[in-house]
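J.: The following block contains the structure, expressed as structure tokens.
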Amino acid sequence: MGRYQHRMCGMSHAISRRAFLEAAAGGAVTASAKGGPAAGSFAWNDATIPELQAAMSSGRLTSRELTLAYLDRMAALNPLLHAVIQANPNAVAIAADLDAERRRGKIRGPMHGIPVLLKDNIATDDTMQTTSGSLALVNSQVPHDAPLVRKLRDDGAVILGKSNLGEWANFRGFNPLGFFGWSARGGATRNPYLLSYTTLGSSSGSAVAAAANLCSVAVGTETDGSIVGPSNANLVVGLKPTLGLISQNGIIPISRNQDTAGPIGRTVTDVAILLGALQTPFGAVAGHQLPGEYAGLLKRGALKGARIGVDRRFFDNYDIYGYPGDADTLPWVLRALDAMSALGATLVDTDTGDYFAYFQDEITALLFEFKVHLAEYLGGLARTNIRTVADVIAFNLSRCPAELVYYGQELLEMSESTSGNLSDPVYVAARALALQAARAGIDTAIANQKLDAIVAPHLTNTSAAAVAGYPNLALPVGITSEGKPAGILLYSTFLREPKLLALAFDLEQELRVRVQPQFRGAISNPPNAGICASLPTTPRVFTGKQHLPRGRFF
């Protein structure tokens, strides 16, 4: 067994808090507390993609050295963070090949040699698993790389591994609030800033890995809140793009009407670069003229003259719409608004609507779509007997002590109990009502008040942009004295990614809030839910809106 393979086999082993903190502190010089490979003479640990590219171009750093450094840091820190499910055993060899190309003068693009983590619901046709965190899909075989993965490989990215997530992208059961980011394969993802705080979900591992420097950038996916939520909770930048900008093929689905992959990174610049590399348009986006790359659009001064809608519903009623116990992040959000104004933006009170008014319609539509769209995905897999939602439910019952530890599978059961017919009038009405309400809320505000974007606080209005299929960007704006990250949401209408990124870059450069994780607080898990002791249970059946949950972030 090689040094790299041996090191990664220990990823799931226990680690003491002292060793963990020593490893974290040492990461800026070497990859681990045990003296892993220094990435040349370059301070790689918190470097941006342009800085990494400059170092590789000058010979101060190679992609192989950088990849080894991330892998060593991952091996040291992941046993407590649980941000990564699996490292790519071929990552070092891929990086070495890309170094050889660079020496021959071939540079594929701005991602050449850059290590990227992918959420474990994104298909890679290699030796890694694609399971959405579930034991049910272990050893199944995908038919091919997801198109976004092919694009990353073609652009020279190093696929570093698969990041942890809320199992089945959090669309499994009534998950106890605050315990997001758990999967049977990967365990419980931990927030590197405050270990006792939520990571949110479902792209928990992608956000944590970027925050803790376990990768350069990461790819998450979102149906409603699962890119922007974890990004806000972990002090990183995340962008849920317009539906249709990035191909959905090869992503384990919840809903083809809302699912999208998107970039997560430590800076707006890195997110902009990764967005360009992920761009694989389809549907309503196909045929539109798109930027060849986004990073060149980022310049200071973007906020001067901009009109920013302030969605007061979510500021004034944070106790209703915000994450429980997070009111202490609001001062940082208000400080960000002051900074926008100081940079020349006009702040306009606006209202994009009450998502509680259509959230139940959204969930109804998702329950129908999940049953159909998951079966379509599973039908393309080899080496598995899991073909339907019913098969997943049965598997979880058969492996109850491993799968149904902290919460059940009520959402799976409710999805299975729907007709599975996307011509069903109940489904058609729910999807149409949710889509119309979400789009009208955003588009009416933007058109009537001539807005460039709309801002809402940390972990509030993810649903409007998600249901509408519009872009939503999470930007860090500070960290509380307790160590809790604070962020804002910036959202807008169809294909407004360039504007959102430019506005976010201007504010980011003014605030400069990025700090290294300090791994504060204590770790705790909820108690075992006791589900296995009471089997068989009565399945949850979808019979109407009154039975649906109000939870978010999937």
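Residue numbering restarts at 1 in every chain; chains get A, B, ... in the order shown in the structure tokens, and ligands count up from 1 in that same order.
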Enumerate the residues of region 172-395 of chain A with a DSSP assignment of helix (DSSP H, G or I), computed from the backbone, and present them as JSON, numbers by chain.

T.: {"A": [204, 205, 206, 207, 208, 209, 210, 211, 228, 229, 230, 231, 232, 233, 268, 269, 270, 271, 272, 273, 274, 275, 276, 277, 278, 283, 284, 285, 295, 296, 297, 312, 313, 314, 315, 316, 318, 319, 320, 321, 327, 328, 329, 330, 331, 332, 333, 334, 335, 336, 337, 338, 339, 340, 341, 342, 356, 357, 358, 359, 360, 361, 362, 363, 364, 365, 366, 367, 368, 369, 370, 371, 372, 373, 374, 375, 376, 377, 378, 389, 390, 391, 392, 393, 394, 395]}

J.: Would you return as a PyMOL selection string the members of region 176-248 of chain A that DSSP assigns to strand (DSSP E or B) on this structure's backbone?

T.: chain A and resi 182-183+187-188+194+217-222+237-240

J.: Write the residues you've just listed into a file as a PDB file, in the first residue's frame, and include N, CA and C atoms for each of them.

T.:
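Heads up, here's the output in out_26.pdb:
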ATOM      1  N   TRP A 182     -25.577  14.828   7.980  1.00  0.00           N
ATOM      2  CA  TRP A 182     -25.250  13.472   8.401  1.00  0.00           C
ATOM      3  C   TRP A 182     -25.595  12.495   7.288  1.00  0.00           C
ATOM      4  N   SER A 183     -24.723  11.533   7.065  1.00  0.00           N
ATOM      5  CA  SER A 183     -25.017  10.423   6.158  1.00  0.00           C
ATOM      6  C   SER A 183     -24.465   9.149   6.753  1.00  0.00           C
ATOM      7  N   GLY A 187     -20.955  10.002   8.140  1.00  0.00           N
ATOM      8  CA  GLY A 187     -21.084  10.494   9.504  1.00  0.00           C
ATOM      9  C   GLY A 187     -21.601  11.914   9.540  1.00  0.00           C
ATOM     10  N   ALA A 188     -21.346  12.605  10.661  1.00  0.00           N
ATOM     11  CA  ALA A 188     -21.890  13.946  10.896  1.00  0.00           C
ATOM     12  C   ALA A 188     -20.848  15.007  10.565  1.00  0.00           C
ATOM     13  N   LEU A 194     -17.370  26.727  14.592  1.00  0.00           N
ATOM     14  CA  LEU A 194     -17.996  26.466  15.879  1.00  0.00           C
ATOM     15  C   LEU A 194     -18.554  25.054  15.805  1.00  0.00           C
ATOM     16  N   VAL A 217     -11.536  24.525  -4.120  1.00  0.00           N
ATOM     17  CA  VAL A 217     -12.954  24.853  -4.264  1.00  0.00           C
ATOM     18  C   VAL A 217     -13.735  23.545  -4.272  1.00  0.00           C
ATOM     19  N   ALA A 218     -15.056  23.665  -4.142  1.00  0.00           N
ATOM     20  CA  ALA A 218     -15.901  22.473  -4.102  1.00  0.00           C
ATOM     21  C   ALA A 218     -17.174  22.724  -4.900  1.00  0.00           C
ATOM     22  N   VAL A 219     -17.809  21.629  -5.283  1.00  0.00           N
ATOM     23  CA  VAL A 219     -19.083  21.703  -5.993  1.00  0.00           C
ATOM     24  C   VAL A 219     -20.162  21.146  -5.082  1.00  0.00           C
ATOM     25  N   GLY A 220     -21.235  21.920  -4.903  1.00  0.00           N
ATOM     26  CA  GLY A 220     -22.405  21.452  -4.177  1.00  0.00           C
ATOM     27  C   GLY A 220     -23.583  21.339  -5.100  1.00  0.00           C
ATOM     28  N   THR A 221     -24.717  20.930  -4.564  1.00  0.00           N
ATOM     29  CA  THR A 221     -25.967  20.949  -5.318  1.00  0.00           C
ATOM     30  C   THR A 221     -27.053  21.519  -4.424  1.00  0.00           C
ATOM     31  N   GLU A 222     -28.081  22.068  -5.071  1.00  0.00           N
ATOM     32  CA  GLU A 222     -29.184  22.655  -4.311  1.00  0.00           C
ATOM     33  C   GLU A 222     -30.516  22.377  -4.986  1.00  0.00           C
ATOM     34  N   VAL A 237     -18.309  31.419   0.321  1.00  0.00           N
ATOM     35  CA  VAL A 237     -19.141  31.939  -0.751  1.00  0.00           C
ATOM     36  C   VAL A 237     -19.750  30.764  -1.508  1.00  0.00           C
ATOM     37  N   GLY A 238     -21.044  30.832  -1.768  1.00  0.00           N
ATOM     38  CA  GLY A 238     -21.698  29.787  -2.540  1.00  0.00           C
ATOM     39  C   GLY A 238     -22.682  30.393  -3.506  1.00  0.00           C
ATOM     40  N   LEU A 239     -22.777  29.828  -4.704  1.00  0.00           N
ATOM     41  CA  LEU A 239     -23.696  30.348  -5.710  1.00  0.00           C
ATOM     42  C   LEU A 239     -24.598  29.240  -6.236  1.00  0.00           C
ATOM     43  N   LYS A 240     -25.896  29.415  -6.027  1.00  0.00           N
ATOM     44  CA  LYS A 240     -26.877  28.579  -6.713  1.00  0.00           C
ATOM     45  C   LYS A 240     -27.227  29.283  -8.017  1.00  0.00           C
TER      46      LYS A 240
END

J.: Find the residue from A:Pro50, A:Pro485, A:Pro471, A:Pro401 that sits nearest to Ala533 (chain A); use only C-alpha atoms when measuring.

T.: A:Pro401

J.: Please provide the set of residues having any atom within 8 Å of region 326-337 of chain A, restricted to only C-alpha atoms, with same-chain residues fewer than 2 positions apart removed, written as a ChimeraX atom specification.

T.: /A:315,318-319,322-324,339-341,347,457-458,477-480,484-488,507,511

J.: Determine the nearest neighbour of Tyr491 (chain A) from the options A:Thr223, A:Thr388, A:Thr242, A:Gln516, counting only C-alpha atoms.

T.: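 That would be A:Thr242, the residue with the smallest distance to Tyr491 (chain A).
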
J.: Might you pull out every residue within 6 Å of region 270-286 of chain A, with only C-alpha atoms counted and same-chain residues fewer than 5 positions away left off, and present them as JSON, numbers by chain?

T.: {"A": [49, 148, 244, 245, 246, 247, 263, 264, 265, 293, 294, 295]}

J.: Neighbours of Thr124 (chain A) within 7 Å (only C-alpha atoms; same-chain residues fewer than 5 positions away dropped), as a short mmCIF file (atom, residue, chain, number, x, y, z; two decimals) with N, CA and C atoms, in the first residue's frame?

T.:
data_model
loop_
_atom_site.label_atom_id
_atom_site.label_comp_id
_atom_site.auth_asym_id
_atom_site.auth_seq_id
_atom_site.Cartn_x
_atom_site.Cartn_y
_atom_site.Cartn_z
N THR A 130 -20.56 6.88 -6.01
CA THR A 130 -21.54 7.97 -6.10
C THR A 130 -22.79 7.46 -5.41
N HIS A 144 -21.61 6.97 -16.76
CA HIS A 144 -20.59 7.88 -17.27
C HIS A 144 -20.43 9.04 -16.30
N ASP A 145 -19.40 9.82 -16.49
CA ASP A 145 -19.24 11.05 -15.74
C ASP A 145 -20.44 11.96 -15.96
N ALA A 146 -20.85 12.66 -14.92
CA ALA A 146 -21.79 13.76 -15.12
C ALA A 146 -21.16 14.77 -16.08
N VAL A 149 -18.70 17.05 -14.62
CA VAL A 149 -17.42 16.42 -14.29
C VAL A 149 -16.54 16.31 -15.54
#

J.: Which one of A:Ala502, A:Leu475, A:Leu214, A:Leu243 sits closest to Pro230 (chain A) if you count only C-alpha atoms?

T.: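 Closest to Pro230 (chain A), using only C-alpha atoms: A:Leu475.
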
J.: May I have the residues within 8 Å of Glu508 (chain A) as a list in words, using only C-alpha atoms and disregarding those fewer than 2 positions away in the same chain?

T.: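 Near Glu508 (chain A), the qualifying residues are Val268, Leu475, Pro476, Val477, Ala504, Phe505, Asp506, Glu510, Leu511, Arg512 and Val513 of chain A.
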
J.: With N, CA and C atoms retained, export the selected residues as a compact mmCIF listing (two decimals), in the first residue's frame.

T.:
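out13.txt was written with the following content:
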# COMPACT_ATOMS: atom_id res chain seq x y z
N VAL A 268 -15.15 35.21 -3.75
CA VAL A 268 -16.02 35.40 -4.91
C VAL A 268 -15.27 35.10 -6.19
N LEU A 475 -22.92 35.17 0.74
CA LEU A 475 -21.67 35.88 0.94
C LEU A 475 -21.40 36.06 2.43
N PRO A 476 -20.21 35.70 2.93
CA PRO A 476 -19.88 35.95 4.34
C PRO A 476 -19.79 37.45 4.62
N VAL A 477 -20.30 37.85 5.79
CA VAL A 477 -20.20 39.26 6.17
C VAL A 477 -19.62 39.45 7.57
N ALA A 504 -21.22 41.20 -5.22
CA ALA A 504 -20.65 40.47 -4.08
C ALA A 504 -19.15 40.72 -3.96
N PHE A 505 -18.46 40.78 -5.10
CA PHE A 505 -17.01 41.03 -5.08
C PHE A 505 -16.70 42.40 -4.48
N ASP A 506 -17.47 43.40 -4.88
CA ASP A 506 -17.23 44.75 -4.36
C ASP A 506 -17.41 44.78 -2.84
N GLU A 510 -14.53 45.12 0.37
CA GLU A 510 -14.67 46.16 1.38
C GLU A 510 -14.66 45.58 2.79
N LEU A 511 -15.38 44.45 2.98
CA LEU A 511 -15.52 43.89 4.33
C LEU A 511 -14.33 43.03 4.75
N ARG A 512 -13.82 42.22 3.83
CA ARG A 512 -12.65 41.35 4.09
C ARG A 512 -12.82 40.57 5.40
N VAL A 513 -13.78 39.69 5.44
CA VAL A 513 -14.11 38.99 6.69
C VAL A 513 -13.52 37.59 6.78

J.: Using only C-alpha atoms for the distances, tell me which of A:Met414, A:Leu195, A:Val310, A:Cys532 is nearest to Gly483 (chain A).

T.: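 Smallest distance to Gly483 (chain A) is found for A:Leu195.
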
J.: Just the number, please: distance in Å from CA of Ile393 (chain A) to CA of Asn121 (chain A), one decimal.

T.: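 Going from CA of Ile393 (chain A) over to CA of Asn121 (chain A), I get 18.0 Å.
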
J.: List the spatial neighbours of Phe370 (chain A) as a PyMOL selection string - criterion: any atom at most 12 Å away, only C-alpha atoms, same-chain residues fewer than 3 positions off excluded.

T.: chain A and resi 168-169+171-172+223+252-259+362-367+373-378+388-390+411-422+427

J.: Which of these, A:Asn88, A:Asn396, A:Ser63, A:Ser226, has the shortest distance to Ser204 (chain A) once you count only C-alpha atoms?

T.: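 Distance minimum relative to Ser204 (chain A) lands on A:Ser226.
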
J.: In Å, with one decimal, what is the gap from CA of Asn461 (chain A) to CA of Pro498 (chain A)?

T.: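 CA of Pro498 (chain A) lies at a distance of 20.6 Å from CA of Asn461 (chain A).
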
J.: So what do you get for CA of Ala76 (chain A) versus CA of Ile122 (chain A), distance-wise?

T.: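 Result for CA of Ala76 (chain A) versus CA of Ile122 (chain A): 24.9 Å, one decimal.
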
J.: Which residue gives the smallest distance to Asp120 (chain A) among A:Ala394, A:Gln86, A:Ala207, A:Ala342, with only C-alpha atoms counted?

T.: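 Nearest candidate to Asp120 (chain A) out of A:Ala394, A:Gln86, A:Ala207, A:Ala342: A:Gln86.
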
J.: Please build the interface table for region 282-372 of chain A against region 437-441 of chain A with a cut-off of 10 Å, listing for each qualifying residue the nearest atom pair and the distance in Å to one decimal; count only C-alpha atoms, order rows by chain and increasing number, and write it as JSON lines.

T.:
{"residue": "A:Thr350", "atom": "CA", "partner": "A:Gly441", "partner_atom": "CA", "distance": 9.9}
{"residue": "A:Asp351", "atom": "CA", "partner": "A:Gly441", "partner_atom": "CA", "distance": 7.2}
{"residue": "A:Thr352", "atom": "CA", "partner": "A:Gly441", "partner_atom": "CA", "distance": 4.1}
{"residue": "A:Gly353", "atom": "CA", "partner": "A:Gly441", "partner_atom": "CA", "distance": 5.2}
{"residue": "A:Asp354", "atom": "CA", "partner": "A:Gly441", "partner_atom": "CA", "distance": 8.5}
{"residue": "A:Tyr355", "atom": "CA", "partner": "A:Ala438", "partner_atom": "CA", "distance": 7.5}
{"residue": "A:Ala357", "atom": "CA", "partner": "A:Ala437", "partner_atom": "CA", "distance": 8.5}
{"residue": "A:Tyr358", "atom": "CA", "partner": "A:Ala437", "partner_atom": "CA", "distance": 7.0}
{"residue": "A:Phe359", "atom": "CA", "partner": "A:Ala438", "partner_atom": "CA", "distance": 9.6}
{"residue": "A:Glu362", "atom": "CA", "partner": "A:Ala438", "partner_atom": "CA", "distance": 9.9}
